[in-house]
Each structure stands twice: as C-alpha cells, then as structure tokens.
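See below for final.pdb, which holds PDB, C-alpha atoms and all ligand atoms.
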```
ATOM      1  CA  MET A 129      -3.774  15.979  21.590  1.00  0.00           C
ATOM      2  CA  ARG A 130      -2.714  17.719  24.786  1.00  0.00           C
ATOM      3  CA  LEU A 131      -4.374  21.024  25.676  1.00  0.00           C
ATOM      4  CA  GLN A 132      -1.078  22.932  25.771  1.00  0.00           C
ATOM      5  CA  ASP A 133      -0.373  21.820  22.171  1.00  0.00           C
ATOM      6  CA  GLN A 134      -3.910  22.688  21.078  1.00  0.00           C
ATOM      7  CA  SER A 135      -3.399  26.271  22.221  1.00  0.00           C
ATOM      8  CA  LEU A 136      -0.811  26.700  19.424  1.00  0.00           C
ATOM      9  CA  PHE A 137      -3.566  26.210  16.831  1.00  0.00           C
ATOM     10  CA  PRO A 138      -6.621  28.339  17.641  1.00  0.00           C
ATOM     11  CA  PRO A 139      -9.986  27.821  15.909  1.00  0.00           C
ATOM     12  CA  GLN A 140     -10.073  29.127  12.334  1.00  0.00           C
ATOM     13  CA  THR A 141     -13.096  30.515  10.527  1.00  0.00           C
ATOM     14  CA  VAL A 142     -13.273  29.287   6.932  1.00  0.00           C
ATOM     15  CA  ARG A 143     -15.632  29.752   4.017  1.00  0.00           C
ATOM     16  CA  LEU A 144     -16.912  26.819   1.970  1.00  0.00           C
ATOM     17  CA  LYS A 145     -17.230  27.091  -1.817  1.00  0.00           C
ATOM     18  CA  ASP A 146     -20.979  27.650  -1.454  1.00  0.00           C
ATOM     19  CA  GLY A 147     -20.405  30.667   0.803  1.00  0.00           C
ATOM     20  CA  ARG A 148     -21.210  29.008   4.140  1.00  0.00           C
ATOM     21  CA  ALA A 149     -18.974  29.942   7.049  1.00  0.00           C
ATOM     22  CA  ALA A 150     -17.637  27.211   9.325  1.00  0.00           C
ATOM     23  CA  VAL A 151     -14.997  26.863  12.002  1.00  0.00           C
ATOM     24  CA  LEU A 152     -12.115  24.406  12.022  1.00  0.00           C
ATOM     25  CA  ARG A 153     -11.359  23.467  15.611  1.00  0.00           C
ATOM     26  CA  PHE A 154     -10.208  20.545  17.686  1.00  0.00           C
ATOM     27  CA  LEU A 155     -12.678  17.866  18.724  1.00  0.00           C
ATOM     28  CA  ALA A 156     -13.663  18.400  22.369  1.00  0.00           C
ATOM     29  CA  VAL A 157     -14.940  16.000  25.007  1.00  0.00           C
ATOM     30  CA  ALA A 158     -18.214  17.960  24.881  1.00  0.00           C
ATOM     31  CA  ASP A 159     -18.732  16.939  21.220  1.00  0.00           C
ATOM     32  CA  ALA A 160     -20.050  13.458  22.064  1.00  0.00           C
ATOM     33  CA  ALA A 161     -23.654  14.250  21.057  1.00  0.00           C
ATOM     34  CA  GLY A 162     -22.694  16.334  17.995  1.00  0.00           C
ATOM     35  CA  LEU A 163     -20.338  13.665  16.718  1.00  0.00           C
ATOM     36  CA  GLY A 164     -23.027  11.047  17.342  1.00  0.00           C
ATOM     37  CA  GLU A 165     -25.497  13.040  15.205  1.00  0.00           C
ATOM     38  CA  PHE A 166     -22.895  13.316  12.473  1.00  0.00           C
ATOM     39  CA  TYR A 167     -22.140   9.569  12.545  1.00  0.00           C
ATOM     40  CA  ALA A 168     -25.852   8.713  12.481  1.00  0.00           C
ATOM     41  CA  ALA A 169     -26.297  10.646   9.217  1.00  0.00           C
ATOM     42  CA  VAL A 170     -23.419   8.977   7.306  1.00  0.00           C
ATOM     43  CA  PRO A 171     -25.088   6.979   4.509  1.00  0.00           C
ATOM     44  CA  ARG A 172     -24.224   3.394   3.712  1.00  0.00           C
ATOM     45  CA  GLU A 173     -22.460   4.452   0.458  1.00  0.00           C
ATOM     46  CA  ASP A 174     -20.022   6.569   2.463  1.00  0.00           C
ATOM     47  CA  PHE A 175     -19.526   3.974   5.213  1.00  0.00           C
ATOM     48  CA  ARG A 176     -18.200   1.759   2.403  1.00  0.00           C
ATOM     49  CA  PHE A 177     -15.253   4.182   2.144  1.00  0.00           C
ATOM     50  CA  TYR A 178     -15.030   5.353   5.744  1.00  0.00           C
ATOM     51  CA  SER A 179     -15.452   2.393   8.081  1.00  0.00           C
ATOM     52  CA  PRO A 180     -12.895   2.486  10.903  1.00  0.00           C
ATOM     53  CA  TYR A 181     -15.572   1.045  13.230  1.00  0.00           C
ATOM     54  CA  PRO A 182     -19.402   1.141  13.258  1.00  0.00           C
ATOM     55  CA  LEU A 183     -20.502   4.786  13.222  1.00  0.00           C
ATOM     56  CA  THR A 184     -22.680   4.524  16.303  1.00  0.00           C
ATOM     57  CA  ARG A 185     -23.446   7.111  18.974  1.00  0.00           C
ATOM     58  CA  GLU A 186     -21.624   4.893  21.487  1.00  0.00           C
ATOM     59  CA  ASN A 187     -18.436   4.964  19.427  1.00  0.00           C
ATOM     60  CA  ALA A 188     -18.812   8.718  18.917  1.00  0.00           C
ATOM     61  CA  ALA A 189     -18.939   9.159  22.692  1.00  0.00           C
ATOM     62  CA  GLU A 190     -15.758   7.081  23.078  1.00  0.00           C
ATOM     63  CA  ILE A 191     -13.915   9.072  20.407  1.00  0.00           C
ATOM     64  CA  ALA A 192     -14.970  12.380  21.971  1.00  0.00           C
ATOM     65  CA  ALA A 193     -13.949  11.178  25.445  1.00  0.00           C
ATOM     66  CA  ASP A 194     -10.461  10.572  24.051  1.00  0.00           C
ATOM     67  CA  ALA A 195     -10.177  14.024  22.453  1.00  0.00           C
ATOM     68  CA  LEU A 196      -7.201  14.926  24.624  1.00  0.00           C
ATOM     69  CA  GLY A 197      -5.362  11.617  24.110  1.00  0.00           C
ATOM     70  CA  PRO A 198      -1.675  12.391  23.476  1.00  0.00           C
ATOM     71  CA  PHE A 199      -1.279  10.417  20.253  1.00  0.00           C
ATOM     72  CA  ARG A 200      -4.181  11.719  18.203  1.00  0.00           C
ATOM     73  CA  VAL A 201      -5.174  14.965  16.541  1.00  0.00           C
ATOM     74  CA  THR A 202      -8.811  15.377  15.523  1.00  0.00           C
ATOM     75  CA  LEU A 203     -10.221  18.449  13.787  1.00  0.00           C
ATOM     76  CA  VAL A 204     -13.922  19.055  13.264  1.00  0.00           C
ATOM     77  CA  LEU A 205     -15.765  21.236  10.803  1.00  0.00           C
ATOM     78  CA  ASP A 206     -18.082  23.146  13.136  1.00  0.00           C
ATOM     79  CA  LEU A 207     -21.174  24.489  11.334  1.00  0.00           C
ATOM     80  CA  GLY A 208     -22.526  26.226  14.446  1.00  0.00           C
ATOM     81  CA  ASN A 209     -25.401  25.331  16.784  1.00  0.00           C
ATOM     82  CA  GLY A 210     -23.657  22.098  17.758  1.00  0.00           C
ATOM     83  CA  ARG A 211     -23.630  20.746  14.194  1.00  0.00           C
ATOM     84  CA  ILE A 212     -20.529  18.907  13.027  1.00  0.00           C
ATOM     85  CA  GLY A 213     -20.208  18.795   9.228  1.00  0.00           C
ATOM     86  CA  GLY A 214     -17.200  16.500   9.143  1.00  0.00           C
ATOM     87  CA  TYR A 215     -13.928  15.659  10.743  1.00  0.00           C
ATOM     88  CA  ALA A 216     -10.389  14.604   9.923  1.00  0.00           C
ATOM     89  CA  TRP A 217      -7.786  13.037  12.146  1.00  0.00           C
ATOM     90  CA  TYR A 218      -4.420  11.409  12.384  1.00  0.00           C
ATOM     91  CA  ARG A 219      -3.223   9.144  15.142  1.00  0.00           C
ATOM     92  CA  TRP A 220      -0.110   7.222  15.950  1.00  0.00           C
ATOM     93  CA  ALA A 221       1.105   4.448  18.241  1.00  0.00           C
ATOM     94  CA  GLY A 222       3.387   6.374  20.646  1.00  0.00           C
ATOM     95  CA  GLU A 223       6.337   8.751  21.115  1.00  0.00           C
ATOM     96  CA  THR A 224       8.659   6.835  18.774  1.00  0.00           C
ATOM     97  CA  ALA A 225       6.165   6.003  15.982  1.00  0.00           C
ATOM     98  CA  GLU A 226       7.490   6.774  12.491  1.00  0.00           C
ATOM     99  CA  ARG A 227       4.078   7.051  10.857  1.00  0.00           C
ATOM    100  CA  SER A 228       0.598   8.207  11.686  1.00  0.00           C
ATOM    101  CA  GLY A 229      -2.646   6.987  10.130  1.00  0.00           C
ATOM    102  CA  PHE A 230      -5.073   9.506   8.613  1.00  0.00           C
ATOM    103  CA  GLY A 231      -8.864   9.486   8.182  1.00  0.00           C
ATOM    104  CA  ILE A 232     -11.543  11.919   7.014  1.00  0.00           C
ATOM    105  CA  CYS A 233     -15.311  11.921   6.608  1.00  0.00           C
ATOM    106  CA  LEU A 234     -17.683  14.733   5.638  1.00  0.00           C
ATOM    107  CA  SER A 235     -21.455  14.846   5.847  1.00  0.00           C
ATOM    108  CA  ARG A 236     -23.212  14.708   2.476  1.00  0.00           C
ATOM    109  CA  ASP A 237     -24.133  18.392   2.575  1.00  0.00           C
ATOM    110  CA  CYS A 238     -20.501  19.388   3.132  1.00  0.00           C
ATOM    111  CA  GLN A 239     -19.009  17.291   0.335  1.00  0.00           C
ATOM    112  CA  GLY A 240     -17.833  18.951  -2.860  1.00  0.00           C
ATOM    113  CA  ALA A 241     -17.455  22.313  -1.119  1.00  0.00           C
ATOM    114  CA  GLY A 242     -13.722  22.372  -0.471  1.00  0.00           C
ATOM    115  CA  ALA A 243     -14.032  21.262   3.162  1.00  0.00           C
ATOM    116  CA  GLY A 244     -11.792  18.212   2.668  1.00  0.00           C
ATOM    117  CA  ARG A 245      -8.939  20.375   1.456  1.00  0.00           C
ATOM    118  CA  LEU A 246      -9.459  22.932   4.268  1.00  0.00           C
ATOM    119  CA  LEU A 247      -9.408  20.272   6.985  1.00  0.00           C
ATOM    120  CA  MET A 248      -6.364  18.548   5.513  1.00  0.00           C
ATOM    121  CA  ASP A 249      -4.359  21.743   5.008  1.00  0.00           C
ATOM    122  CA  ARG A 250      -4.948  22.631   8.661  1.00  0.00           C
ATOM    123  CA  LEU A 251      -3.952  19.115   9.766  1.00  0.00           C
ATOM    124  CA  PHE A 252      -0.709  19.402   7.790  1.00  0.00           C
ATOM    125  CA  GLU A 253       0.122  22.680   9.568  1.00  0.00           C
ATOM    126  CA  ILE A 254      -0.340  20.901  12.886  1.00  0.00           C
ATOM    127  CA  ALA A 255       1.561  17.795  11.782  1.00  0.00           C
ATOM    128  CA  ARG A 256       4.631  19.909  11.016  1.00  0.00           C
ATOM    129  CA  LEU A 257       4.983  20.244  14.796  1.00  0.00           C
ATOM    130  CA  ILE A 258       3.002  17.395  16.367  1.00  0.00           C
ATOM    131  CA  GLY A 259       3.373  13.658  15.724  1.00  0.00           C
ATOM    132  CA  PRO A 260       5.440  11.493  13.333  1.00  0.00           C
ATOM    133  CA  PRO A 261       7.082  12.836  10.129  1.00  0.00           C
ATOM    134  CA  VAL A 262       5.064  10.646   7.740  1.00  0.00           C
ATOM    135  CA  MET A 263       1.292  10.283   7.360  1.00  0.00           C
ATOM    136  CA  GLY A 264      -0.273   7.192   5.750  1.00  0.00           C
ATOM    137  CA  LEU A 265      -3.797   6.346   4.621  1.00  0.00           C
ATOM    138  CA  THR A 266      -5.780   3.754   2.729  1.00  0.00           C
ATOM    139  CA  VAL A 267      -8.342   4.662   0.101  1.00  0.00           C
ATOM    140  CA  GLN A 268     -10.455   2.357  -2.040  1.00  0.00           C
ATOM    141  CA  LEU A 269      -9.804   2.669  -5.781  1.00  0.00           C
ATOM    142  CA  ALA A 270     -13.546   3.150  -6.255  1.00  0.00           C
ATOM    143  CA  ASN A 271     -13.323   6.349  -4.182  1.00  0.00           C
ATOM    144  CA  ALA A 272     -12.137   8.492  -7.112  1.00  0.00           C
ATOM    145  CA  ARG A 273     -12.780  11.752  -5.291  1.00  0.00           C
ATOM    146  CA  GLY A 274     -10.739  10.630  -2.299  1.00  0.00           C
ATOM    147  CA  VAL A 275      -7.840   9.480  -4.488  1.00  0.00           C
ATOM    148  CA  GLU A 276      -7.950  12.794  -6.383  1.00  0.00           C
ATOM    149  CA  LEU A 277      -7.987  14.897  -3.223  1.00  0.00           C
ATOM    150  CA  TYR A 278      -5.109  12.995  -1.607  1.00  0.00           C
ATOM    151  CA  THR A 279      -3.013  13.135  -4.775  1.00  0.00           C
ATOM    152  CA  LYS A 280      -3.575  16.878  -5.117  1.00  0.00           C
ATOM    153  CA  LEU A 281      -2.511  17.329  -1.501  1.00  0.00           C
ATOM    154  CA  GLY A 282       0.774  15.510  -1.964  1.00  0.00           C
ATOM    155  CA  PHE A 283       0.121  11.869  -1.037  1.00  0.00           C
ATOM    156  CA  THR A 284       1.736   9.298  -3.309  1.00  0.00           C
ATOM    157  CA  ILE A 285       0.754   5.682  -3.860  1.00  0.00           C
ATOM    158  CA  VAL A 286       3.047   3.255  -2.034  1.00  0.00           C
ATOM    159  CA  ARG A 287       1.201   0.071  -3.024  1.00  0.00           C
ATOM    160  CA  GLU A 288      -2.100  -1.400  -4.140  1.00  0.00           C
ATOM    161  CA  GLN A 289      -3.586  -3.996  -1.817  1.00  0.00           C
ATOM    162  CA  MET A 290      -6.886  -5.682  -1.019  1.00  0.00           C
ATOM    163  CA  ARG A 291      -9.044  -4.584   1.843  1.00  0.00           C
ATOM    164  CA  GLN A 292     -10.172  -7.808   3.429  1.00  0.00           C
ATOM    165  CA  PRO A 293     -13.911  -8.472   3.482  1.00  0.00           C
ATOM    166  CA  GLN A 294     -15.500  -7.385   6.742  1.00  0.00           C
ATOM    167  CA  PRO A 295     -18.664  -9.469   7.021  1.00  0.00           C
ATOM    168  CA  HIS A 296     -19.544  -8.044  10.461  1.00  0.00           C
ATOM    169  CA  TYR A 297     -19.831  -4.607   8.775  1.00  0.00           C
ATOM    170  CA  ASP A 298     -21.315  -6.123   5.583  1.00  0.00           C
ATOM    171  CA  LEU A 299     -18.336  -4.833   3.558  1.00  0.00           C
ATOM    172  CA  ASP A 300     -16.924  -6.745   0.593  1.00  0.00           C
ATOM    173  CA  ALA A 301     -13.255  -7.119  -0.300  1.00  0.00           C
ATOM    174  CA  GLU A 302     -12.083  -4.095  -2.298  1.00  0.00           C
ATOM    175  CA  PRO A 303      -8.873  -3.006  -3.989  1.00  0.00           C
ATOM    176  CA  GLU A 304      -7.342  -0.030  -2.237  1.00  0.00           C
ATOM    177  CA  TYR A 305      -4.229   2.126  -2.273  1.00  0.00           C
ATOM    178  CA  TYR A 306      -1.943   2.655   0.645  1.00  0.00           C
ATOM    179  CA  MET A 307      -0.648   6.220   0.230  1.00  0.00           C
ATOM    180  CA  GLU A 308       1.863   8.300   2.180  1.00  0.00           C
ATOM    181  CA  ARG A 309       3.009  11.888   2.510  1.00  0.00           C
ATOM    182  CA  ARG A 310       5.861  13.460   4.453  1.00  0.00           C
ATOM    183  CA  VAL A 311       4.561  16.152   6.775  1.00  0.00           C
ATOM    184  CA  ARG A 312       7.960  17.623   7.688  1.00  0.00           C
TER     185      ARG A 312
HETATM  186  C1  LIG B 401     -13.703  11.972   0.061  1.00  0.00           C
HETATM  187  C2  LIG B 401     -13.928  13.324   0.725  1.00  0.00           C
HETATM  188  C3  LIG B 401     -13.072  13.433   1.981  1.00  0.00           C
HETATM  189  C4  LIG B 401     -13.523  14.408  -0.267  1.00  0.00           C
HETATM  190  O1  LIG B 401     -13.674  15.688   0.315  1.00  0.00           O
HETATM  191  P1  LIG B 401     -14.488  16.841  -0.476  1.00  0.00           P
HETATM  192  O2  LIG B 401     -14.238  18.115   0.250  1.00  0.00           O
HETATM  193  O3  LIG B 401     -15.894  16.397  -0.638  1.00  0.00           O
HETATM  194  O4  LIG B 401     -13.718  16.854  -1.816  1.00  0.00           O
HETATM  195  P2  LIG B 401     -14.121  17.662  -3.138  1.00  0.00           P
HETATM  196  O5  LIG B 401     -15.489  17.290  -3.630  1.00  0.00           O
HETATM  197  O6  LIG B 401     -13.895  19.091  -2.858  1.00  0.00           O
HETATM  198  O7  LIG B 401     -13.112  17.057  -4.177  1.00  0.00           O
HETATM  199  C5  LIG B 401     -11.722  17.008  -3.979  1.00  0.00           C
HETATM  200  C6  LIG B 401     -11.075  17.040  -5.329  1.00  0.00           C
HETATM  201  O8  LIG B 401     -11.409  15.856  -6.074  1.00  0.00           O
HETATM  202  C7  LIG B 401     -11.942  16.206  -7.359  1.00  0.00           C
HETATM  203  N1  LIG B 401     -13.131  15.382  -7.573  1.00  0.00           N
HETATM  204  C8  LIG B 401     -14.380  15.601  -7.126  1.00  0.00           C
HETATM  205  N2  LIG B 401     -15.198  14.586  -7.511  1.00  0.00           N
HETATM  206  C9  LIG B 401     -14.439  13.725  -8.233  1.00  0.00           C
HETATM  207  C10 LIG B 401     -14.703  12.499  -8.909  1.00  0.00           C
HETATM  208  N3  LIG B 401     -15.916  11.937  -8.916  1.00  0.00           N
HETATM  209  N4  LIG B 401     -13.656  11.892  -9.550  1.00  0.00           N
HETATM  210  C11 LIG B 401     -12.410  12.440  -9.538  1.00  0.00           C
HETATM  211  N5  LIG B 401     -12.121  13.583  -8.903  1.00  0.00           N
HETATM  212  C12 LIG B 401     -13.108  14.228  -8.264  1.00  0.00           C
HETATM  213  C13 LIG B 401     -12.265  17.666  -7.348  1.00  0.00           C
HETATM  214  O9  LIG B 401     -11.767  18.222  -8.535  1.00  0.00           O
HETATM  215  C14 LIG B 401     -11.573  18.234  -6.125  1.00  0.00           C
HETATM  216  O10 LIG B 401     -10.433  18.964  -6.456  1.00  0.00           O
HETATM  217  P3  LIG B 401     -10.345  20.546  -6.125  1.00  0.00           P
HETATM  218  O11 LIG B 401     -10.307  20.663  -4.619  1.00  0.00           O
HETATM  219  O12 LIG B 401      -9.072  20.979  -6.762  1.00  0.00           O
HETATM  220  O13 LIG B 401     -11.579  21.156  -6.717  1.00  0.00           O
HETATM  221  C15 LIG B 401     -15.438  13.529   1.108  1.00  0.00           C
HETATM  222  O14 LIG B 401     -16.216  13.617  -0.058  1.00  0.00           O
HETATM  223  C16 LIG B 401     -15.999  12.469   2.039  1.00  0.00           C
HETATM  224  O15 LIG B 401     -15.912  12.593   3.260  1.00  0.00           O
HETATM  225  N6  LIG B 401     -16.596  11.390   1.471  1.00  0.00           N
HETATM  226  C17 LIG B 401     -17.240  10.324   2.272  1.00  0.00           C
HETATM  227  C18 LIG B 401     -16.286   9.513   3.151  1.00  0.00           C
HETATM  228  C19 LIG B 401     -14.983   9.190   2.475  1.00  0.00           C
HETATM  229  O16 LIG B 401     -14.931   8.762   1.335  1.00  0.00           O
HETATM  230  N7  LIG B 401     -13.889   9.374   3.244  1.00  0.00           N
HETATM  231  C20 LIG B 401     -12.549   9.117   2.765  1.00  0.00           C
HETATM  232  C21 LIG B 401     -12.143   7.734   3.073  1.00  0.00           C
HETATM  233  S1  LIG B 401     -10.540   7.311   2.388  1.00  0.00           S
END
```
Just dump the structure as structure tokens.
Amino acid sequence: MRLQDQSLFPPQTVRLKDGRAAVLRFLAVADAAGLGEFYAAVPREDFRFYSPYPLTRENAAEIAADALGPFRVTLVLDLGNGRIGGYAWYRWAGETAERSGFGICLSRDCQGAGAGRLLMDRLFEIARLIGPPVMGLTVQLANARGVELYTKLGFTIVREQMRQPQPHYDLDAEPEYYMERRVR
C-alpha cells in the first residue's frame, strides 16, 4: 500500500479482551525481524489453517520488503517492544481486479481476545477506499473459530471445495469454504 494512502489511516491503539493494549498499524519494511519472530512461533496446528507459504524468517523478510507494494494492504497487531502479535492482509492482482484475497493469523497468546475482529474491522474501513469492491477468502471447515468469525463479520459462503493436498508442506487434502464479502 502506497505511503500517501497509508497516511489516511493512522495507527490505532486498541484494547484486547484481557485488558492488554496494542496498536493496529501498517506493516513496515523495518518489521522483517519482528514478523520473522512471529512466523517462527506459529505452531503446526495453526499452520494447518494458515499456510500461504512456509512461515520462515526468509519469507517474512520478503513480505516486509514488499510492505509498500501498491496492491496489498497489511495490518499488524503491534504489542510493543518490536513484538508482532498477529497480522491480517488483503491483496489483489492489479488496478482492474474485481476481488482481493484475505488472510489472517494471530499468535497463540493473542487468540480468543478479540484481536481478529479488531484487525478485520480496521481492514474493512481501509477497503472501503482502497482496492477491489469484493474480498474473498478460504477457510477449512475444521477451523470452526475462523468460520464463525468470518460469518459474524459479514462473509457468506460461496461454495465448498477441497483444498488440494500439499505434500511439500505436509498438509493433507481438506474440505474448505470459499467465502466472500462486499467491502463497498
Ligand atoms: C482464526 C482466528 C483469526 C480467529 O481470531 P480470534 O481473534 O482468535 O477469534 P476469537 O477467538 O475472538 O473468536 C471469534 C469468534 O468465534 C467464536 N468462537 C471462538 N471459538 C470458537 C469455536 N471453537 N467454535 C465456534 N466459534 C468459536 C467466538 O464466539 C468469537 O465471536 P465473538 O467475537 O463474537 O466473541 C485466530 O484464532 C487465528 O489466527 N488462528 C490461527 C490461524 C488461522 O486459523 N487463521 C485463519 C485462516 S482461514
């Protein structure tokens, strides 16, 4: 996301359900190490549901380096002292794309504390102005919490499909929903 667009959405201080304060802000190029730490702590059980690519420090550095790419918006949950407690993003193919793709992952200690909803609500505010009018996502049926959160936030199921097995990531085939939501 371009810097001039980022300036429309300044960092926001939020409070998690357990009382912790955190800041919602855009991913920055300087977050390479923090994002790498966050990736390194994602357990296998969560990688099953959030596996866009291997969650390595190298891939974290690449994602951070692309923080100002024009066709992506990435928000982090900043816990202070360089700690990233989670992130959520949407990205799209180019100026004329009709849909973006959405993803989210929280560290274990930030799950169940309302952070998913906070990150997504902020992303929706941004998506009213930036990017395509429709957001899409896939979520495994076994990820009941994910399905519940997305449904509560206005996504509807478009179809059920099979995620293909991904032997190189040691992931089995799994039934999943493709869901969508209009963002403006
Ligand atoms: C899935 C994820 C994004 C959810 O975010 P979260 O902030 O932890 O979500 P919450 O625990 O606050 O739960 C969201 C809602 O689902 C409901 N919920 C919680 N656990 C549930 C369960 N086991 N079954 C059904 N619903 C559940 C809650 O009622 C909550 O609703 P509320 O906000 O009205 O209270 C987060 O847990 C995560 O990052 N998990 C690991 C990676 C992942 O699965 N990413 C998504 C890939 S599609």
query: For the atom pair CA of Arg143 in chain A and atom O6 of ligand LIG 401 (chain B), what is the interatomic distance in Å to one decimal place?
result: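 Interatomic distance here is 12.8 Å.
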Write out as a Markdown table the residues of chain A that have any atom within 7 Å of an atom of ligand LIG 401 (chain B), one row each with the nearest atom pair and its distance in Å to one decimal, counting only C-alpha atoms and all ligand atoms, sorted by chain and then rising number.
```
| residue | atom | partner | partner_atom | distance |
| --- | --- | --- | --- | --- |
| A:Asp174 | CA | B:LIG401 | C17 | 4.7 |
| A:Phe175 | CA | B:LIG401 | C18 | 6.7 |
| A:Phe177 | CA | B:LIG401 | O16 | 4.7 |
| A:Tyr178 | CA | B:LIG401 | C21 | 4.6 |
| A:Gly231 | CA | B:LIG401 | C21 | 6.3 |
| A:Ile232 | CA | B:LIG401 | N7 | 5.1 |
| A:Cys233 | CA | B:LIG401 | O15 | 3.5 |
| A:Leu234 | CA | B:LIG401 | O15 | 3.7 |
| A:Ser235 | CA | B:LIG401 | O15 | 6.5 |
| A:Cys238 | CA | B:LIG401 | O3 | 6.7 |
| A:Gln239 | CA | B:LIG401 | O3 | 3.4 |
| A:Gly240 | CA | B:LIG401 | O5 | 3.0 |
| A:Ala241 | CA | B:LIG401 | O6 | 5.1 |
| A:Gly242 | CA | B:LIG401 | O6 | 4.1 |
| A:Ala243 | CA | B:LIG401 | O2 | 4.3 |
| A:Gly244 | CA | B:LIG401 | O2 | 3.4 |
| A:Arg245 | CA | B:LIG401 | O2 | 5.9 |
| A:Thr266 | CA | B:LIG401 | S1 | 6.0 |
| A:Val267 | CA | B:LIG401 | S1 | 4.1 |
| A:Gln268 | CA | B:LIG401 | S1 | 6.6 |
| A:Asn271 | CA | B:LIG401 | O16 | 6.2 |
| A:Ala272 | CA | B:LIG401 | N4 | 4.5 |
| A:Arg273 | CA | B:LIG401 | C12 | 3.9 |
| A:Gly274 | CA | B:LIG401 | C1 | 4.0 |
| A:Glu276 | CA | B:LIG401 | O8 | 4.6 |
| A:Leu277 | CA | B:LIG401 | C6 | 4.3 |
```
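For the residues A:Gly208, A:Leu246, A:Thr279, A:Ser179, ranking by smallest atom-to-atom distance to His296 in chain A using only C-alpha atoms places A:Ser179 first.
Atom to atom, CA of Leu269 in chain A and CA of Ser228 in chain A stand 21.1 Å apart.
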Result set, the PyMOL selection byres (((chain A and resi 290) around 7) and not hetatm) on current file, as a PyMOL selection string: chain A and resi 289+291-292+301-304
Residue among A:Arg309, A:Arg153, A:Arg130, A:Arg250 lying closest to Ala195 in chain A, counting all atoms listed in the file: A:Arg130
task: Using the chain letters and numbering of this document, enumerate as a list in words the residues selected by the PyMOL selection byres (((chain A and resi 169) around 12) and not hetatm).
output: Gly162, Leu163, Gly164, Glu165, Phe166, Tyr167, Ala168, Val170, Pro171, Arg172, Glu173, Asp174, Phe175, Leu183, Thr184, Arg185, Arg211, Ile212, Gly213, Gly214, Cys233, Leu234, Ser235, Arg236 and Asp237 of chain A
Store the residues of this selection in a file with C-alpha atoms, as a short mmCIF file (atom, residue, chain, number, x, y, z; two decimals), in the frame of the given file.
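Ended up saving to out-v6.cif:
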```cif
data_model
loop_
_atom_site.label_atom_id
_atom_site.label_comp_id
_atom_site.auth_asym_id
_atom_site.auth_seq_id
_atom_site.Cartn_x
_atom_site.Cartn_y
_atom_site.Cartn_z
CA GLY A 162 -22.69 16.33 18.00
CA LEU A 163 -20.34 13.66 16.72
CA GLY A 164 -23.03 11.05 17.34
CA GLU A 165 -25.50 13.04 15.20
CA PHE A 166 -22.90 13.32 12.47
CA TYR A 167 -22.14 9.57 12.54
CA ALA A 168 -25.85 8.71 12.48
CA VAL A 170 -23.42 8.98 7.31
CA PRO A 171 -25.09 6.98 4.51
CA ARG A 172 -24.22 3.39 3.71
CA GLU A 173 -22.46 4.45 0.46
CA ASP A 174 -20.02 6.57 2.46
CA PHE A 175 -19.53 3.97 5.21
CA LEU A 183 -20.50 4.79 13.22
CA THR A 184 -22.68 4.52 16.30
CA ARG A 185 -23.45 7.11 18.97
CA ARG A 211 -23.63 20.75 14.19
CA ILE A 212 -20.53 18.91 13.03
CA GLY A 213 -20.21 18.80 9.23
CA GLY A 214 -17.20 16.50 9.14
CA CYS A 233 -15.31 11.92 6.61
CA LEU A 234 -17.68 14.73 5.64
CA SER A 235 -21.46 14.85 5.85
CA ARG A 236 -23.21 14.71 2.48
CA ASP A 237 -24.13 18.39 2.58
#
```
query: Could you write out as an MDAnalysis selection string the residues that the PyMOL selection byres (((chain A and resi 310) around 8) and not hetatm) matches in the shown file?
result: chainID A and resid 261:263 308:309 311:312
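Nearest to Trp220 in chain A of all the residues A:Leu299, A:Ile254, A:Val201, A:Val157 is A:Val201, counting all atoms listed in the file.
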field: CA of Ala150 in chain A to CA of Ala192 in chain A, straight-line distance in Å
entry: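 Computing the Euclidean distance for CA of Ala192 in chain A and CA of Ala150 in chain A yields 19.7 Å.
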message: Give me the residues near Gln134 in chain A as a list of chain:residue names, where near means some atom within 12 Å (using all atoms listed in the file) and where sequence neighbours in that chain fewer than 5 positions away do not count.
response: A:Met129, A:Pro139, A:Arg153, A:Phe154, A:Leu155, A:Ala156, A:Ala195, A:Leu196, A:Gly197, A:Pro198, A:Arg200, A:Val201, A:Thr202, A:Leu203, A:Leu251, A:Ile254, A:Ala255, A:Leu257, A:Ile258
A:Gly147, A:Gly259, A:Pro180, A:Pro138 ranked by distance to Tyr218 in chain A, top pick (using all atoms listed in the file):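 Closest residue, counting all atoms listed in the file: A:Gly259.
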query: For Glu223 in chain A, which residue among A:Pro260, A:Phe252, A:Glu186, A:Lys145 is the nearest when counting only C-alpha atoms?
result: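 Closest candidate: A:Pro260.
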Mind working out the centre and edge lengths of an axis-aligned box for range 153-171 of chain A, all listed atoms inside, 6 Å added to each side, rounded to one decimal in Å and written as lines of an AutoDock Vina configuration file?
```
center_x = -18.3
center_y = 15.2
center_z = 14.8
size_x = 28.1
size_y = 28.5
size_z = 32.5
```
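In this comparison, which uses only C-alpha atoms, the residue of A:Arg227, A:Asp249, A:Gly264, A:Ala270 approaching Ile285 in chain A most closely is A:Gly264.
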